[in-house]
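Peer 1: Before I ask anything, let me first share the structure, which is written out below as structure tokens.
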2 protein chains.
Amino acid sequence: MVKGKRRERRKDERPAEILQAAVDEFAEKGFANAKIQSIATRAGVAKGTVYLYYTTKEEIFEAIVRDRIQPVFAMAAAMSQQWEGSQADLLRQIITHFYGQMIENDERRMILKTLISEGERFSELAAFYHREILVGARKMLRELIRKGIESGEFRDGAYIKEPMILVGPAIFAAIWKMTFDSVEKLNTRRWLEAHLEVILQGVVSNSSS
Amino acid sequence: MVKGKRRERRKDERPAEILQAAVDEFAEKGFANAKIQSIATRAGVAKGTVYLYYTTKEEIFEAIVRDRIQPVFAMAAAMSQQWEGSQADLLRQIITHFYGQMIENDERRMILKTLISEGERFSELAAFYHREILVGARKMLRELIRKGIESGEFRDGAYIKEPMILVGPAIFAAIWKMTFDSVEKLNTRRWLEAHLEVILQGVVSNSSS
DNA sequence: TCGACAACTGACCTGCGGGTCATTAAATAG
DNA sequence: CTATTTAATGACCCGCAGGTCAGTTGTCGA
């Protein structure tokens, strides 16, 4: 809720304020149950004002994906680019980063949920997400694996064809938190630990222990 | 669509017929976009008839979960109980079974999706699913791991605390199919292969290769 | 044959929320 | 101070689908 006298004219600030309000509303209610009226109220404007800046509810959601999700992956890509240490450590870093930024963060986890829930119907959004995020993430992981194999850290295998396997358990964690946390809280720390353990063990080359 | 003269009285068969119609409708439209009228038409009855057997849309969905999902896990549990071979092979069997029955099966995958999408709002349903399915599945996996460690097949580790880790990539596969398959088809066979490879390698004890 | 019961029907009611637009008023130029 | 522009408002419109219920018809027992 933004303070100020009623009916202020602030053309430049409105979009960001409305976006933040929408993030809050979506995170709390989910896409289907989010009300434009409620977003407007949170942003301290009238319903009509929302439509001055965004044409539809879907468009608001797309703006959120662009604004909030892309940076997380951009950062992982940057980290990966300038990495000096071992590939195993890089993989650990990336997975840990992903848990912190996507699974434990309420806002972003809800965005993920909405994408899953409504992805089929907003096919351009699914396409956008695929193109701008998934393809890049996969390429990054594949490159990481390739380097690891090259240096002898990782074993060769079919998994280089489907590198997203390595983050699969994180998606399960996200879904658990979204769906079953009210029944049984997920111990994210312990889950992450098990994830790293199994996945790292699953890719390292067998120089015995 | 069930054939027959208009206005037949078939109290006993209706529930199952309506349920099947609902499965089809949900699988095609998703929960939110499924219309009761359309379910009724598919079942060859009037809308009002649906309400004679199920009080709400949610109740229909709950009935579906009970009727269609539980058997898949019951079968896995049974298989696990009477298994004679190695635990690694059992794990392979179970994961493969899961892909066939849950990820590749359109009906069940859609049920999963609906659970994810609407799980928060139907909290008793999430609780039911947790109690009747997830807890059992986890126990089964944990037992499998325990036996594997005992026999020296598997190494010990933190993953016995969170055994669902092992099926995590399958959930990712389900979500990919639900959300991005129209953009880029998932090669399920290859994905499963990579999954088995990494996970098995991730849990077996290091007797070197 | 003829009640009487209950399965079945579908027109209708209702609430809801996305989206519109005539009106209002803040900012600014002259 | 007045005129003009345009950001902002919120009452209203409208389509939709979940859910209801008064009426209809199949079935069965007497």
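Following the order of the structure tokens, first chain is A, next is B, and so on, with residues numbered from 1 inside each chain and ligands from 1 in the order they appear.
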Hey, which bits of chain B sit within 12 Å of chain D, and for each residue what's the closest pair of atoms and how far apart in Å (one decimal), counting only C-alpha atoms (C1' of nucleotides), rows by chain and increasing number, as a tab-separated table?
Peer 2:
residue	atom	partner	partner_atom	distance
B:Lys5	CA	D:DG26	C1'	11.1
B:Arg6	CA	D:DG26	C1'	10.2
B:Arg7	CA	D:DG26	C1'	7.5
B:Glu8	CA	D:DG26	C1'	7.1
B:Arg9	CA	D:DG26	C1'	6.8
B:Arg10	CA	D:DG26	C1'	10.4
B:Ala32	CA	D:DA17	C1'	10.6
B:Asn33	CA	D:DA17	C1'	9.6
B:Ala34	CA	D:DA17	C1'	9.7
B:Lys35	CA	D:DA17	C1'	7.1
B:Ile36	CA	D:DG18	C1'	7.9
B:Gln37	CA	D:DA17	C1'	8.6
B:Ser38	CA	D:DA17	C1'	10.8
B:Lys47	CA	D:DG19	C1'	9.8
B:Gly48	CA	D:DT20	C1'	8.6
B:Thr49	CA	D:DG19	C1'	11.8
B:Val50	CA	D:DG19	C1'	10.8
B:Tyr51	CA	D:DG19	C1'	8.3
B:Leu52	CA	D:DT20	C1'	11.4
B:Tyr54	CA	D:DG19	C1'	11.5
B:Thr55	CA	D:DG19	C1'	9.1
B:Thr56	CA	D:DG19	C1'	8.4
B:Lys57	CA	D:DG18	C1'	8.4
B:Glu58	CA	D:DG18	C1'	11.3
Peer 1: Starting from chain A, keep only residues with some atom at most 7 Å from an atom of chain B, counting only C-alpha atoms, and report them as a count of residues only.
Peer 2: 30
Peer 1: Given the choices C:DA6, C:DA27, C:DA22, C:DC13, which gets closest to chain A if the distance is worked out from only C-alpha atoms (C1' of nucleotides)?
Peer 2: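 Once distances to chain A are computed over only C-alpha atoms (C1' of nucleotides), the minimum belongs to C:DA27.
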Peer 1: Find the residues of chain C in contact range of chain A, meaning any atom within 8 Å when counting only C-alpha atoms (C1' of nucleotides), and list them as a list in words.
Peer 2: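 Only these qualify: DG17, DG18, DA25 and DA26 of chain C.
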Peer 1: Can I get the selected residues back with N, CA and C atoms (P, O5', C5', C4', C3', O3' and C1' of nucleotides), as a PDB file, in the first residue's frame?
Peer 2:
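What landed in again_15.pdb:
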ATOM      1  P    DG C  17     -14.731 -12.916  -6.665  1.00  0.00           P
ATOM      2  O5'  DG C  17     -13.891 -12.475  -7.921  1.00  0.00           O
ATOM      3  C5'  DG C  17     -13.761 -13.346  -9.029  1.00  0.00           C
ATOM      4  C4'  DG C  17     -13.748 -12.546 -10.302  1.00  0.00           C
ATOM      5  C3'  DG C  17     -12.909 -11.253 -10.232  1.00  0.00           C
ATOM      6  O3'  DG C  17     -12.231 -11.121 -11.447  1.00  0.00           O
ATOM      7  C1'  DG C  17     -15.016 -10.747 -11.019  1.00  0.00           C
ATOM      8  P    DG C  18     -10.698 -10.706 -11.528  1.00  0.00           P
ATOM      9  O5'  DG C  18     -10.526 -10.556 -13.098  1.00  0.00           O
ATOM     10  C5'  DG C  18     -10.895 -11.630 -13.957  1.00  0.00           C
ATOM     11  C4'  DG C  18     -11.398 -11.084 -15.276  1.00  0.00           C
ATOM     12  C3'  DG C  18     -10.560  -9.973 -15.873  1.00  0.00           C
ATOM     13  O3'  DG C  18     -10.508 -10.144 -17.277  1.00  0.00           O
ATOM     14  C1'  DG C  18     -12.759  -9.175 -15.475  1.00  0.00           C
ATOM     15  P    DA C  25     -13.799  15.982  -8.144  1.00  0.00           P
ATOM     16  O5'  DA C  25     -12.245  16.152  -8.423  1.00  0.00           O
ATOM     17  C5'  DA C  25     -11.346  15.095  -8.089  1.00  0.00           C
ATOM     18  C4'  DA C  25     -10.000  15.407  -8.704  1.00  0.00           C
ATOM     19  C3'  DA C  25      -9.475  16.816  -8.414  1.00  0.00           C
ATOM     20  O3'  DA C  25      -8.079  16.740  -8.293  1.00  0.00           O
ATOM     21  C1'  DA C  25      -9.487  16.492 -10.683  1.00  0.00           C
ATOM     22  P    DA C  26      -7.367  17.150  -6.899  1.00  0.00           P
ATOM     23  O5'  DA C  26      -5.810  16.969  -7.267  1.00  0.00           O
ATOM     24  C5'  DA C  26      -5.326  15.682  -7.635  1.00  0.00           C
ATOM     25  C4'  DA C  26      -4.280  15.817  -8.721  1.00  0.00           C
ATOM     26  C3'  DA C  26      -3.250  16.925  -8.501  1.00  0.00           C
ATOM     27  O3'  DA C  26      -1.980  16.376  -8.803  1.00  0.00           O
ATOM     28  C1'  DA C  26      -4.269  17.203 -10.617  1.00  0.00           C
TER      29       DA C  26
END
Peer 1: Give me, as a PDB file with C-alpha atoms, in the first residue's frame, the residues of range 96-176 of chain A that a backbone DSSP run labels alpha helix (DSSP H).
Peer 2:
ATOM      1  CA  THR A  96      22.063 -24.274  -3.334  1.00  0.00           C
ATOM      2  CA  HIS A  97      21.462 -20.916  -4.988  1.00  0.00           C
ATOM      3  CA  PHE A  98      18.406 -22.349  -6.679  1.00  0.00           C
ATOM      4  CA  ASP A 106       7.625 -17.376  -1.352  1.00  0.00           C
ATOM      5  CA  GLU A 107       7.169 -14.948  -4.204  1.00  0.00           C
ATOM      6  CA  ARG A 108       9.150 -16.866  -6.750  1.00  0.00           C
ATOM      7  CA  ARG A 109       7.836 -20.233  -5.704  1.00  0.00           C
ATOM      8  CA  MET A 110       4.332 -18.938  -6.288  1.00  0.00           C
ATOM      9  CA  ILE A 111       5.309 -17.708  -9.715  1.00  0.00           C
ATOM     10  CA  LEU A 112       6.560 -21.183 -10.470  1.00  0.00           C
ATOM     11  CA  LYS A 113       3.316 -22.636  -9.248  1.00  0.00           C
ATOM     12  CA  THR A 114       1.278 -20.349 -11.405  1.00  0.00           C
ATOM     13  CA  LEU A 115       3.368 -21.249 -14.398  1.00  0.00           C
ATOM     14  CA  ILE A 116       2.648 -24.898 -13.743  1.00  0.00           C
ATOM     15  CA  SER A 117      -1.019 -24.358 -13.078  1.00  0.00           C
ATOM     16  CA  GLU A 118      -1.818 -22.081 -15.977  1.00  0.00           C
ATOM     17  CA  SER A 123       1.095 -20.891 -24.182  1.00  0.00           C
ATOM     18  CA  GLU A 124       3.112 -17.848 -25.161  1.00  0.00           C
ATOM     19  CA  LEU A 125       4.126 -17.513 -21.556  1.00  0.00           C
ATOM     20  CA  ALA A 126       5.255 -21.136 -21.415  1.00  0.00           C
ATOM     21  CA  ALA A 127       7.129 -20.544 -24.656  1.00  0.00           C
ATOM     22  CA  PHE A 128       8.731 -17.415 -23.245  1.00  0.00           C
ATOM     23  CA  TYR A 129       9.801 -19.202 -20.092  1.00  0.00           C
ATOM     24  CA  VAL A 135      17.054 -23.498 -22.561  1.00  0.00           C
ATOM     25  CA  GLY A 136      19.730 -21.343 -20.990  1.00  0.00           C
ATOM     26  CA  ALA A 137      19.674 -23.254 -17.728  1.00  0.00           C
ATOM     27  CA  ARG A 138      20.036 -26.541 -19.531  1.00  0.00           C
ATOM     28  CA  LYS A 139      22.882 -25.274 -21.655  1.00  0.00           C
ATOM     29  CA  MET A 140      24.649 -24.023 -18.540  1.00  0.00           C
ATOM     30  CA  LEU A 141      24.296 -27.374 -16.795  1.00  0.00           C
ATOM     31  CA  ARG A 142      25.398 -29.281 -19.859  1.00  0.00           C
ATOM     32  CA  GLU A 143      28.496 -27.127 -20.174  1.00  0.00           C
ATOM     33  CA  LEU A 144      29.223 -27.653 -16.506  1.00  0.00           C
ATOM     34  CA  ILE A 145      28.969 -31.413 -16.937  1.00  0.00           C
ATOM     35  CA  ARG A 146      31.096 -31.351 -20.066  1.00  0.00           C
ATOM     36  CA  LYS A 147      33.874 -29.537 -18.254  1.00  0.00           C
ATOM     37  CA  GLY A 148      33.572 -31.933 -15.351  1.00  0.00           C
ATOM     38  CA  ILE A 149      33.930 -34.941 -17.591  1.00  0.00           C
ATOM     39  CA  GLU A 150      36.831 -33.336 -19.407  1.00  0.00           C
ATOM     40  CA  GLY A 168      14.693 -32.534 -10.447  1.00  0.00           C
ATOM     41  CA  PRO A 169      14.528 -33.063  -6.691  1.00  0.00           C
ATOM     42  CA  ALA A 170      14.422 -29.297  -6.216  1.00  0.00           C
ATOM     43  CA  ILE A 171      11.210 -29.161  -8.214  1.00  0.00           C
ATOM     44  CA  PHE A 172       9.732 -31.826  -6.011  1.00  0.00           C
ATOM     45  CA  ALA A 173      10.727 -29.727  -3.022  1.00  0.00           C
ATOM     46  CA  ALA A 174       8.993 -26.699  -4.495  1.00  0.00           C
ATOM     47  CA  ILE A 175       5.837 -28.681  -5.059  1.00  0.00           C
ATOM     48  CA  TRP A 176       5.917 -30.164  -1.625  1.00  0.00           C
TER      49      TRP A 176
END
